[in-house]
$ cat start-v7.csv   # CSV, C-alpha atoms
chain,number,residue,atom,x,y,z
A,1,MET,CA,0.0,0.0,0.0
A,2,THR,CA,1.3,3.4,-0.8
A,3,VAL,CA,0.5,6.4,1.2
A,4,VAL,CA,-0.2,9.4,-1.0
A,5,GLN,CA,0.7,12.5,0.7
A,6,ILE,CA,-1.3,15.4,-0.4
A,7,PRO,CA,0.3,18.7,0.4
A,8,PRO,CA,-2.1,21.0,2.2
A,9,PRO,CA,-3.4,23.9,0.2
A,10,PRO,CA,-1.3,27.0,0.4
A,11,LEU,CA,-2.4,29.5,2.9
A,12,PRO,CA,-3.5,32.7,1.5
A,13,VAL,CA,-0.7,35.1,2.0
A,14,ARG,CA,-0.5,38.8,1.3
A,15,ASP,CA,1.2,39.6,-2.0
A,16,LYS,CA,4.6,41.0,-1.0
A,17,SER,CA,5.6,42.0,-4.4
A,18,ALA,CA,7.4,45.3,-4.9
A,19,THR,CA,4.5,46.8,-6.9
A,20,ARG,CA,2.2,46.6,-3.9
A,21,ALA,CA,1.0,50.0,-2.8
A,22,LEU,CA,2.8,51.2,0.3
A,23,SER,CA,-0.3,52.6,1.8
A,24,PRO,CA,-3.7,51.5,0.4
A,25,MET,CA,-5.3,54.5,2.0
A,26,LEU,CA,-3.0,56.8,0.1
A,27,THR,CA,-3.7,55.1,-3.2
A,28,ARG,CA,-7.4,55.5,-2.6
A,29,LEU,CA,-7.0,59.2,-1.8
A,30,ALA,CA,-5.0,59.7,-4.9
A,31,GLU,CA,-7.8,58.0,-7.0
A,32,GLU,CA,-10.5,60.2,-5.6
A,33,ARG,CA,-8.2,63.3,-6.0
A,34,ALA,CA,-8.6,64.2,-2.3
A,35,THR,CA,-7.3,67.3,-0.8
A,36,GLY,CA,-6.1,67.3,2.8
A,37,VAL,CA,-3.5,66.1,5.3
A,38,LEU,CA,-2.5,62.5,5.8
A,39,VAL,CA,-0.9,61.9,9.2
A,40,ARG,CA,1.1,58.7,9.5
A,41,GLU,CA,3.3,57.5,12.3
A,42,HIS,CA,6.6,58.8,10.9
A,43,GLY,CA,5.5,61.8,8.9
A,44,THR,CA,2.8,63.8,7.3
A,45,LEU,CA,1.8,64.1,3.6
A,46,TYR,CA,-0.1,67.1,2.3
A,47,LEU,CA,-2.3,66.3,-0.7
A,48,ALA,CA,-3.9,68.7,-3.1
A,49,GLU,CA,-6.2,67.1,-5.8
A,50,GLY,CA,-4.6,63.8,-5.2
A,51,ARG,CA,-1.1,65.0,-5.7
A,52,VAL,CA,1.6,65.4,-3.0
A,53,VAL,CA,2.5,69.0,-2.6
A,54,HIS,CA,4.4,68.9,0.7
A,55,ALA,CA,5.8,66.3,3.2
A,56,GLU,CA,7.1,66.6,6.7
A,57,SER,CA,8.7,64.2,9.0
A,58,PRO,CA,10.5,64.6,12.3
A,59,PHE,CA,13.3,62.5,10.9
A,60,ALA,CA,13.9,64.6,7.8
A,61,PRO,CA,15.3,68.2,7.9
A,62,GLY,CA,12.8,70.6,6.5
A,63,LEU,CA,13.1,73.0,3.6
A,64,ASP,CA,14.2,75.7,6.0
A,65,VAL,CA,17.3,73.6,7.1
A,66,LEU,CA,18.2,72.6,3.5
A,67,LEU,CA,18.0,76.2,2.3
A,68,THR,CA,19.8,78.0,5.1
A,69,ALA,CA,22.5,75.4,6.0
A,70,HIS,CA,24.6,76.0,2.9
A,71,GLY,CA,24.2,79.7,2.4
A,72,THR,CA,21.5,79.5,-0.3
A,73,LEU,CA,19.4,81.7,1.8
A,74,ALA,CA,20.1,83.8,4.9
A,75,ALA,CA,18.5,82.4,8.1
A,76,THR,CA,17.0,85.8,8.9
A,77,ALA,CA,15.3,86.0,5.5
A,78,TRP,CA,13.7,82.6,6.1
A,79,GLN,CA,12.6,83.6,9.6
A,80,ARG,CA,11.0,86.8,8.3
A,81,ALA,CA,9.0,84.9,5.7
A,82,ALA,CA,8.1,82.1,8.1
A,83,ASP,CA,6.7,84.7,10.6
A,84,ARG,CA,4.4,86.1,8.0
A,85,THR,CA,3.0,82.8,6.7
A,86,ALA,CA,1.2,79.7,7.9
A,87,GLY,CA,3.7,77.0,7.0
A,88,PRO,CA,7.1,76.3,5.3
A,89,LEU,CA,5.5,75.8,1.9
A,90,HIS,CA,3.8,79.2,2.0
A,91,ALA,CA,7.0,80.8,3.3
A,92,ALA,CA,8.9,79.3,0.4
A,93,GLU,CA,6.3,80.7,-2.0
A,94,LEU,CA,6.6,84.1,-0.5
A,95,LEU,CA,10.4,84.0,-0.9
A,96,LEU,CA,9.9,83.0,-4.5
A,97,ALA,CA,7.4,85.8,-5.1
A,98,SER,CA,9.7,88.4,-3.5
A,99,GLY,CA,12.6,87.3,-5.7
A,100,LEU,CA,14.8,86.3,-2.8
A,101,LEU,CA,15.3,82.8,-4.2
A,102,PRO,CA,15.9,81.6,-7.8
A,103,ALA,CA,13.1,79.4,-8.9
A,104,GLY,CA,15.4,76.5,-9.9
A,105,ALA,CA,17.2,76.4,-6.6
A,106,LEU,CA,14.0,76.5,-4.6
A,107,GLU,CA,12.3,73.8,-6.8
A,108,LEU,CA,15.2,71.5,-6.4
A,109,CYS,CA,15.3,72.0,-2.6
A,110,HIS,CA,11.6,71.6,-2.4
A,111,LEU,CA,11.6,68.3,-4.3
A,112,ASP,CA,14.6,67.1,-2.3
A,113,ALA,CA,12.7,67.8,1.0
A,114,LEU,CA,9.5,66.3,-0.3
A,115,TYR,CA,11.0,63.0,-1.4
A,116,ASP,CA,13.1,62.9,1.7
A,117,ALA,CA,10.2,63.4,4.2
A,118,GLY,CA,8.0,61.2,2.0
A,119,TYR,CA,10.4,58.3,2.4
A,120,PHE,CA,10.0,58.4,6.2
A,121,ALA,CA,6.3,59.2,6.1
A,122,LEU,CA,5.7,56.0,4.0
A,123,ALA,CA,7.9,53.9,6.2
A,124,PRO,CA,6.2,50.8,7.7
A,125,SER,CA,4.2,51.9,10.7
A,126,SER,CA,2.5,50.1,13.6
A,127,ALA,CA,-0.4,52.6,13.7
A,128,PRO,CA,-2.9,53.3,11.0
A,129,GLY,CA,-2.7,56.7,9.2
A,130,ARG,CA,-5.4,59.3,9.7
A,131,PHE,CA,-6.6,61.6,6.9
A,132,ARG,CA,-8.2,64.9,7.4
A,133,TYR,CA,-10.1,66.5,4.5
A,134,ASP,CA,-8.9,70.1,4.5
A,135,SER,CA,-8.9,72.7,1.8
A,136,GLY,CA,-5.6,74.1,3.0
A,137,PRO,CA,-3.1,72.4,0.7
A,138,ARG,CA,-3.4,73.6,-2.9
A,139,LEU,CA,-1.4,73.3,-6.1
A,140,GLY,CA,1.0,76.2,-6.0
A,141,PRO,CA,3.9,77.5,-8.1
A,142,LEU,CA,6.2,74.8,-6.6
A,143,PRO,CA,6.1,71.4,-8.3
A,144,SER,CA,3.8,68.6,-6.9
A,145,VAL,CA,4.4,64.9,-7.2
A,146,PRO,CA,1.9,62.2,-8.1
A,147,VAL,CA,1.4,59.6,-5.3
A,148,VAL,CA,2.6,56.7,-7.5
A,149,ALA,CA,5.9,58.6,-8.2
A,150,LEU,CA,6.5,59.1,-4.5
A,151,GLU,CA,5.7,55.5,-3.7
A,152,ARG,CA,7.9,54.2,-6.5
A,153,GLU,CA,10.8,56.3,-5.4
A,154,THR,CA,10.3,55.3,-1.8
A,155,LEU,CA,10.5,51.6,-2.7
A,156,ARG,CA,13.5,52.3,-4.9
A,157,ARG,CA,15.2,54.0,-2.0
A,158,ARG,CA,14.5,51.1,0.3
A,159,LEU,CA,16.0,48.7,-2.1
A,160,LEU,CA,19.0,50.9,-2.6
A,161,LEU,CA,19.7,50.9,1.2
A,162,HIS,CA,19.1,47.2,1.4
A,163,ARG,CA,21.7,46.6,-1.4
A,164,LEU,CA,24.3,48.8,0.3
A,165,TRP,CA,24.0,47.0,3.7
A,166,PRO,CA,21.0,44.8,4.6
A,167,ASP,CA,20.9,45.6,8.3
A,168,PRO,CA,18.7,48.6,9.1
A,169,ALA,CA,19.9,48.9,12.7
A,170,ALA,CA,22.2,51.8,11.8
A,171,ASP,CA,19.3,53.9,10.5
A,172,SER,CA,17.8,54.7,13.9
A,173,ALA,CA,20.4,53.8,16.6
A,174,PRO,CA,23.0,56.2,17.9
A,175,LEU,CA,26.2,55.6,16.0
A,176,ILE,CA,29.7,54.8,17.3
A,177,ARG,CA,33.0,54.6,15.5
A,178,ALA,CA,33.8,51.0,14.8
A,179,ASP,CA,37.0,49.4,16.1
A,180,PRO,CA,39.7,50.8,13.7
A,181,ALA,CA,41.9,47.7,14.3
A,182,ALA,CA,39.2,45.5,12.8
A,183,GLY,CA,39.7,47.0,9.3
A,184,PRO,CA,43.4,47.8,8.8
A,185,ALA,CA,43.0,48.2,5.0
A,186,ALA,CA,40.2,50.6,5.4
A,187,ALA,CA,39.1,52.2,2.1
A,188,PRO,CA,39.5,56.0,1.9
A,189,VAL,CA,36.5,57.9,3.0
A,190,ALA,CA,35.0,60.3,0.5
A,191,PRO,CA,34.6,63.9,1.6
A,192,ARG,CA,30.9,63.7,1.9
A,193,GLN,CA,31.1,60.6,4.1
A,194,ARG,CA,34.0,62.1,6.0
A,195,ALA,CA,31.7,64.9,7.2
A,196,VAL,CA,29.3,62.3,8.4
A,197,LEU,CA,32.0,60.2,10.1
A,198,ASP,CA,33.3,63.3,11.9
A,199,ARG,CA,29.9,63.7,13.6
A,200,VAL,CA,29.7,60.1,14.8
A,201,ASP,CA,29.9,60.5,18.6
A,202,GLY,CA,28.0,57.7,20.2
A,203,VAL,CA,25.0,59.9,20.8
A,204,ARG,CA,23.7,61.2,17.5
A,205,THR,CA,21.7,59.0,15.2
A,206,ALA,CA,21.9,59.2,11.4
A,207,THR,CA,19.0,61.5,11.1
A,208,GLN,CA,20.4,63.9,13.7
A,209,ILE,CA,23.6,64.0,11.8
A,210,ALA,CA,21.7,64.9,8.7
A,211,ARG,CA,20.0,67.8,10.5
A,212,ASN,CA,23.4,68.9,11.9
A,213,LEU,CA,24.9,68.9,8.4
A,214,GLY,CA,21.8,70.4,6.7
A,215,ARG,CA,21.6,67.5,4.3
A,216,GLN,CA,18.7,65.2,3.4
A,217,ALA,CA,18.2,62.4,5.9
A,218,PHE,CA,17.9,59.7,3.3
A,219,HIS,CA,21.2,60.7,1.8
A,220,THR,CA,22.8,60.5,5.2
A,221,LEU,CA,21.4,57.0,5.6
A,222,VAL,CA,23.1,56.1,2.3
A,223,ASP,CA,26.4,57.4,3.6
A,224,VAL,CA,25.9,55.7,7.0
A,225,ARG,CA,25.1,52.4,5.5
A,226,ARG,CA,28.2,52.6,3.2
A,227,LEU,CA,30.3,53.5,6.2
A,228,VAL,CA,28.9,50.6,8.1
A,229,ALA,CA,29.6,48.3,5.2
A,230,ALA,CA,33.2,49.6,5.1
A,231,GLY,CA,33.6,48.9,8.8
A,232,HIS,CA,34.0,52.6,9.9
A,233,VAL,CA,30.8,52.9,11.8
A,234,ALA,CA,28.5,50.7,13.8
A,235,PRO,CA,25.2,51.2,15.6
A,236,ARG,CA,25.7,51.4,19.3
A,237,PRO,CA,24.5,48.2,20.9
A,238,ALA,CA,21.5,48.7,23.1
A,239,ALA,CA,22.2,48.9,26.8
A,240,PRO,CA,21.8,45.5,28.4
A,241,VAL,CA,18.5,45.1,30.2
A,242,PRO,CA,19.1,44.5,33.9
A,243,PRO,CA,18.1,41.0,34.9
A,244,PRO,CA,14.7,40.8,36.6
A,245,PRO,CA,14.9,40.4,40.4
A,246,PRO,CA,15.0,36.8,41.5
A,247,PRO,CA,11.8,35.4,42.9
A,248,VAL,CA,11.5,35.8,46.6
A,249,THR,CA,12.3,32.6,48.5
A,250,ASP,CA,13.6,34.1,51.8
A,251,PRO,CA,11.5,32.5,54.6
A,252,ASP,CA,11.6,35.8,56.6
A,253,ILE,CA,10.0,37.7,53.8
A,254,ALA,CA,7.4,35.1,53.3
A,255,LEU,CA,6.6,35.2,56.9
A,256,LEU,CA,6.4,39.0,56.9
A,257,LYS,CA,4.0,38.9,53.9
A,258,ARG,CA,1.8,36.4,55.7
A,259,LEU,CA,1.9,38.7,58.7
A,260,ARG,CA,0.9,41.7,56.6
A,261,ASP,CA,-1.9,39.8,54.9
A,262,ALA,CA,-3.2,38.7,58.3
A,263,LEU,CA,-3.0,42.2,59.7
A,264,GLU,CA,-4.8,43.6,56.7
A,265,ALA,CA,-7.5,41.0,57.1
A,266,LEU,CA,-8.3,42.1,60.6
B,1,MET,CA,16.8,82.3,-12.9
B,2,ALA,CA,15.2,79.4,-14.8
B,3,ASN,CA,13.1,76.8,-13.1
B,4,THR,CA,13.9,73.2,-13.6
B,5,GLU,CA,11.4,72.5,-16.3
B,6,THR,CA,12.4,75.5,-18.5
B,7,ALA,CA,16.1,74.5,-18.0
B,8,LEU,CA,15.4,71.0,-19.2
B,9,LYS,CA,13.3,72.2,-22.1
B,10,GLU,CA,16.0,74.7,-23.1
B,11,ALA,CA,18.6,71.9,-23.1
B,12,LEU,CA,16.4,69.7,-25.3
B,13,THR,CA,15.4,72.4,-27.8
B,14,SER,CA,18.5,74.6,-28.0
B,15,ILE,CA,21.2,71.9,-28.0
B,16,GLU,CA,21.6,70.4,-31.5
B,17,GLY,CA,21.0,66.7,-31.6
B,18,ALA,CA,19.8,66.3,-28.0
B,19,THR,CA,17.3,63.5,-27.6
B,20,GLY,CA,17.0,63.3,-23.8
B,21,VAL,CA,18.0,65.2,-20.7
B,22,ALA,CA,17.6,64.5,-17.0
B,23,LEU,CA,18.5,66.3,-13.8
B,24,VAL,CA,19.7,63.7,-11.3
B,25,ASP,CA,20.5,63.5,-7.6
B,26,TYR,CA,23.6,61.4,-7.4
B,27,THR,CA,23.3,60.2,-3.9
B,28,SER,CA,19.9,58.6,-4.3
B,29,GLY,CA,20.1,58.1,-8.1
B,30,MET,CA,16.7,59.8,-8.5
B,31,ALA,CA,15.8,61.9,-11.5
B,32,LEU,CA,14.4,65.2,-10.2
B,33,GLY,CA,13.2,65.9,-13.7
B,34,THR,CA,13.4,64.3,-17.1
B,35,MET,CA,12.6,65.4,-20.6
B,36,GLY,CA,12.8,63.6,-23.9
B,37,GLY,CA,13.9,60.0,-24.1
B,38,SER,CA,11.8,57.3,-25.7
B,39,LYS,CA,10.0,54.0,-25.1
B,40,THR,CA,13.2,52.1,-25.5
B,41,PHE,CA,15.4,54.6,-23.6
B,42,ASP,CA,14.1,55.1,-20.1
B,43,LEU,CA,15.8,58.2,-18.7
B,44,ASN,CA,15.0,57.2,-15.1
B,45,VAL,CA,16.9,54.0,-15.5
B,46,ALA,CA,19.8,55.9,-17.2
B,47,ALA,CA,19.8,58.4,-14.3
B,48,ALA,CA,20.1,55.7,-11.6
B,49,GLY,CA,22.8,53.9,-13.6
B,50,ASN,CA,24.9,56.9,-14.3
B,51,THR,CA,24.9,57.8,-10.6
B,52,ASP,CA,27.3,54.8,-10.3
B,53,VAL,CA,29.5,56.3,-13.0
B,54,VAL,CA,29.8,59.6,-11.2
B,55,ARG,CA,30.4,57.9,-7.8
B,56,ALA,CA,33.0,55.5,-9.2
B,57,LYS,CA,34.9,58.4,-10.7
B,58,MET,CA,34.8,60.4,-7.5
B,59,ARG,CA,36.0,57.4,-5.5
B,60,THR,CA,38.9,56.9,-7.9
B,61,MET,CA,39.9,60.5,-7.6
B,62,GLU,CA,39.8,60.2,-3.8
B,63,MET,CA,42.0,57.1,-3.9
B,64,LEU,CA,44.5,58.9,-6.2
B,65,GLY,CA,44.4,61.9,-4.0
B,66,LEU,CA,43.4,64.2,-6.8
B,67,LYS,CA,42.1,67.5,-5.5
B,68,GLY,CA,40.3,68.8,-8.6
B,69,GLU,CA,36.6,68.6,-9.2
B,70,ILE,CA,34.7,66.8,-11.9
B,71,GLU,CA,33.3,69.4,-14.4
B,72,ASP,CA,31.8,67.0,-16.8
B,73,ILE,CA,32.1,63.4,-18.1
B,74,LEU,CA,31.7,62.3,-21.7
B,75,ILE,CA,30.8,58.8,-22.7
B,76,THR,CA,31.0,58.1,-26.5
B,77,LEU,CA,28.9,55.3,-27.9
B,78,THR,CA,28.7,54.3,-31.5
B,79,GLY,CA,25.7,56.4,-32.2
B,80,GLN,CA,25.3,58.6,-29.2
B,81,TYR,CA,27.1,60.9,-26.9
B,82,HIS,CA,26.2,60.9,-23.2
B,83,LEU,CA,27.3,64.0,-21.4
B,84,ILE,CA,27.2,64.3,-17.6
B,85,ARG,CA,27.7,67.8,-16.1
B,86,LEU,CA,27.9,68.2,-12.3
B,87,LEU,CA,26.2,71.1,-10.7
B,88,LYS,CA,28.3,73.2,-8.5
B,89,SER,CA,25.4,74.4,-6.4
B,90,ARG,CA,26.0,76.2,-3.1
B,91,GLY,CA,23.4,73.8,-1.6
B,92,GLY,CA,25.8,71.0,-2.0
B,93,ASN,CA,22.9,68.9,-3.2
B,94,GLY,CA,25.0,66.7,-5.4
B,95,LEU,CA,23.1,67.0,-8.6
B,96,PHE,CA,24.2,66.4,-12.2
B,97,LEU,CA,22.7,67.1,-15.6
B,98,TYR,CA,22.6,64.2,-17.9
B,99,LEU,CA,22.3,64.8,-21.7
B,100,VAL,CA,21.9,62.3,-24.4
B,101,LEU,CA,23.0,63.4,-27.9
B,102,ASP,CA,22.7,61.8,-31.3
B,103,SER,CA,26.3,61.7,-32.4
B,104,GLY,CA,25.3,62.2,-36.1
B,105,ARG,CA,23.8,65.6,-35.5
B,106,ALA,CA,25.5,66.9,-32.4
B,107,ASN,CA,28.3,69.4,-32.1
B,108,LEU,CA,30.1,68.3,-29.0
B,109,ALA,CA,32.0,71.5,-28.2
B,110,MET,CA,28.8,73.5,-28.6
B,111,ALA,CA,26.8,71.1,-26.5
B,112,ARG,CA,29.3,71.3,-23.7
B,113,HIS,CA,29.2,75.1,-23.8
B,114,GLN,CA,25.4,75.3,-23.8
B,115,LEU,CA,25.1,72.8,-21.0
B,116,LYS,CA,27.4,74.9,-19.0
B,117,LYS,CA,25.3,77.9,-19.6
B,118,ILE,CA,22.1,76.1,-18.7
B,119,GLU,CA,23.7,74.9,-15.5
B,120,ALA,CA,24.6,78.5,-14.5
B,121,GLU,CA,21.1,79.7,-15.2
B,122,LEU,CA,19.5,77.0,-13.1
B,123,GLU,CA,21.0,77.9,-9.8
B,124,ILE,CA,22.4,81.3,-9.7
$ encode --input "start-v7.csv" --output "structure tokens"
Amino acid sequence: MTVVQIPPPPLPVRDKSATRALSPMLTRLAEERATGVLVREHGTLYLAEGRVVHAESPFAPGLDVLLTAHGTLAATAWQRAADRTAGPLHAAELLLASGLLPAGALELCHLDALYDAGYFALAPSSAPGRFRYDSGPRLGPLPSVPVVALERETLRRRLLLHRLWPDPAADSAPLIRADPAAGPAAAPVAPRQRAVLDRVDGVRTATQIARNLGRQAFHTLVDVRRLVAAGHVAPRPAAPVPPPPPPVTDPDIALLKRLRDALEAL
Amino acid sequence: MANTETALKEALTSIEGATGVALVDYTSGMALGTMGGSKTFDLNVAAAGNTDVVRAKMRTMEMLGLKGEIEDILITLTGQYHLIRLLKSRGGNGLFLYLVLDSGRANLAMARHQLKKIEAELEI
């Protein structure tokens, strides 16, 4: 007699292919050409008629940092514009209208900031996003980005990081210099990466270094992963958790507890 | 004081023999803007690939201890020229202009000169 083994039918699993939408909610909003603000765990997307006009994330330096850090714009000029307007996007439009910034430079910084914050906003999150219909965001003089383009770019960026160094630990942990003795034939560090390496102090994380340098956070993640792959930098290991107190077996304490319980019962 | 789109349009229309142009961020390999190209020539793919060219050259120069900066890179194919021009922006964004030329119609010296001018206008 032969036993025929029938394999169990495959369990229905979610399609994990790269073409899957990062946020089904966002896809739906894009289809209905919604206008409003999508708040997700790691960032916020501003939609106007289904297109992304602006993105913010606590991890990514904003347009103000990118514009003022390298002398493209004086910090006081930004401050003056920001005081007179509702948000960074409106401040940028005011600066453009007043001729303080060349259109090309501002557009490039705006797109840089949008894709950068969008990368973090679309990061996998543990909490569902919330959308608020709001007529605030609108299509302005600065370029907007279709949702599919932002999603495609975010996926491409994830793959790029994964190719450079597959361990994401260095993205969020404070960074330390790796043991220099471990890599005697260390490759030379490019100037852009050198600036990052100089700011590795055991306290700052990659995104804090980005803010300090006035660079996009994702670009700093790329530099950090390359530095990790080359053995220059490592994520600081998490502090060891103190062992839990051993269970009480001391007869004196057991006696005292019984005494306390008895007294309480009186 | 051109914006990105006009700068790309100008490159495509004013440079003789240009068939495609892209403005690329060379850390992420993302094209911030593209114009031209064709069904068989995806400028976004070209942008990402040429990022590696720029990075490799920069790393080589670092290893050799060369202090100069890359102004442009020319790649000559049998029927095309690919011209990469790095933007020297104050923002230090790390961008380059990528231009595809039909080698039968293009004037290389003129194309280089015009690309330089477009770069200057984009981010003054």
$ interface_residues --input "start-v7.csv" --of "chain A" --to "chain B" --cutoff "6 Å" --atoms "only C-alpha atoms" --output "MDAnalysis selection string"
chainID A and resid 70 102:105
$ residues_around --input "start-v7.csv" --residues "Leu66 in chain A" --least-positions-apart "3" --cutoff "6 Å" --atoms "all atoms listed in the file" --output "ChimeraX atom specification"
/A:63,69,214
$ residues_near_point --input "start-v7.csv" --point "(6.0, 47.0, 4.6)" --cutoff "9 Å" --atoms "all atoms listed in the file" --output "list in words"
Lys16, Leu22, Ser23, Ala123, Pro124 and Ser125 of chain A
$ residues_near_point --input "start-v7.csv" --point "(25.3, 59.8, -30.2)" --cutoff "9 Å" --atoms "only C-alpha atoms" --output "list in words"
Gly17, Ala18, Thr76, Leu77, Thr78, Gly79, Gln80, Tyr81, His82, Val100, Leu101, Asp102, Ser103, Gly104, Arg105 and Ala106 of chain B
$ atom_distance --input "start-v7.csv" --atom1 "CA of Glu151 in chain A" --atom2 "CA of Leu67 in chain A"
24.8 Å
$ atom_distance --input "start-v7.csv" --atom1 "CA of Leu142 in chain A" --atom2 "CA of His110 in chain A"
7.6 Å
$ residues_around --input "start-v7.csv" --residues "Gly140 in chain A" --least-positions-apart "3" --cutoff "10 Å" --atoms "only C-alpha atoms" --output "number ranges by chain"
A: 48, 53, 89-90, 93, 137, 143-144
$ write_last_selection --input "start-v7.csv" --atoms "C-alpha atoms" --output "compact mmCIF listing (two decimals), in the coordinates of the input"
# COMPACT_ATOMS: atom_id res chain seq x y z
CA ALA A 48 -3.90 68.70 -3.10
CA VAL A 53 2.50 69.00 -2.60
CA LEU A 89 5.50 75.80 1.90
CA HIS A 90 3.80 79.20 2.00
CA GLU A 93 6.30 80.70 -2.00
CA PRO A 137 -3.10 72.40 0.70
CA PRO A 143 6.10 71.40 -8.30
CA SER A 144 3.80 68.60 -6.90
$ atom_distance --input "start-v7.csv" --atom1 "CA of Lys9 in chain B" --atom2 "CA of Gln114 in chain B"
12.6 Å
$ residues_around --input "start-v7.csv" --residues "Pro166 in chain A" --least-positions-apart "6" --cutoff "12 Å" --atoms "only C-alpha atoms" --output "PyMOL selection string"
chain A and resi 158-160+222+225-226+228-229
$ write_last_selection --input "start-v7.csv" --atoms "C-alpha atoms" --output "PDB file, in the coordinates of the input"
ATOM      1  CA  ARG A 158      14.500  51.100   0.300  1.00  0.00           C
ATOM      2  CA  LEU A 159      16.000  48.700  -2.100  1.00  0.00           C
ATOM      3  CA  LEU A 160      19.000  50.900  -2.600  1.00  0.00           C
ATOM      4  CA  VAL A 222      23.100  56.100   2.300  1.00  0.00           C
ATOM      5  CA  ARG A 225      25.100  52.400   5.500  1.00  0.00           C
ATOM      6  CA  ARG A 226      28.200  52.600   3.200  1.00  0.00           C
ATOM      7  CA  VAL A 228      28.900  50.600   8.100  1.00  0.00           C
ATOM      8  CA  ALA A 229      29.600  48.300   5.200  1.00  0.00           C
TER       9      ALA A 229
END
$ residues_around --input "start-v7.csv" --residues "Val54 in chain B" --least-positions-apart "3" --cutoff "9 Å" --atoms "only C-alpha atoms" --output "VMD selection string"
chain B and resid 26 50 to 51 57 to 59 70 73 84 86 96
$ decode --input "start-v7.csv" --residues "range 76-121 of chain B" --atoms "C-alpha atoms" --output "compact mmCIF listing (two decimals), in the first residue's frame"
# COMPACT_ATOMS: atom_id res chain seq x y z
CA THR B 76 31.01 58.07 -26.46
CA LEU B 77 28.86 55.29 -27.87
CA THR B 78 28.73 54.27 -31.53
CA GLY B 79 25.65 56.37 -32.24
CA GLN B 80 25.32 58.56 -29.16
CA TYR B 81 27.14 60.87 -26.86
CA HIS B 82 26.24 60.91 -23.17
CA LEU B 83 27.29 64.04 -21.38
CA ILE B 84 27.22 64.34 -17.59
CA ARG B 85 27.68 67.76 -16.06
CA LEU B 86 27.94 68.16 -12.30
CA LEU B 87 26.17 71.10 -10.74
CA LYS B 88 28.30 73.21 -8.48
CA SER B 89 25.43 74.40 -6.36
CA ARG B 90 25.95 76.16 -3.07
CA GLY B 91 23.39 73.83 -1.59
CA GLY B 92 25.85 70.98 -2.02
CA ASN B 93 22.91 68.91 -3.15
CA GLY B 94 24.99 66.68 -5.36
CA LEU B 95 23.13 66.98 -8.65
CA PHE B 96 24.16 66.40 -12.22
CA LEU B 97 22.69 67.14 -15.61
CA TYR B 98 22.62 64.17 -17.94
CA LEU B 99 22.34 64.81 -21.65
CA VAL B 100 21.88 62.27 -24.44
CA LEU B 101 23.00 63.38 -27.89
CA ASP B 102 22.68 61.84 -31.31
CA SER B 103 26.29 61.74 -32.44
CA GLY B 104 25.35 62.22 -36.11
CA ARG B 105 23.76 65.61 -35.49
CA ALA B 106 25.50 66.92 -32.39
CA ASN B 107 28.30 69.40 -32.10
CA LEU B 108 30.11 68.27 -29.01
CA ALA B 109 31.98 71.47 -28.19
CA MET B 110 28.84 73.52 -28.64
CA ALA B 111 26.79 71.11 -26.54
CA ARG B 112 29.27 71.32 -23.67
CA HIS B 113 29.23 75.09 -23.83
CA GLN B 114 25.44 75.29 -23.85
CA LEU B 115 25.05 72.81 -21.04
CA LYS B 116 27.42 74.90 -18.95
CA LYS B 117 25.28 77.95 -19.59
CA ILE B 118 22.07 76.12 -18.66
CA GLU B 119 23.67 74.92 -15.46
CA ALA B 120 24.64 78.46 -14.53
CA GLU B 121 21.14 79.73 -15.16
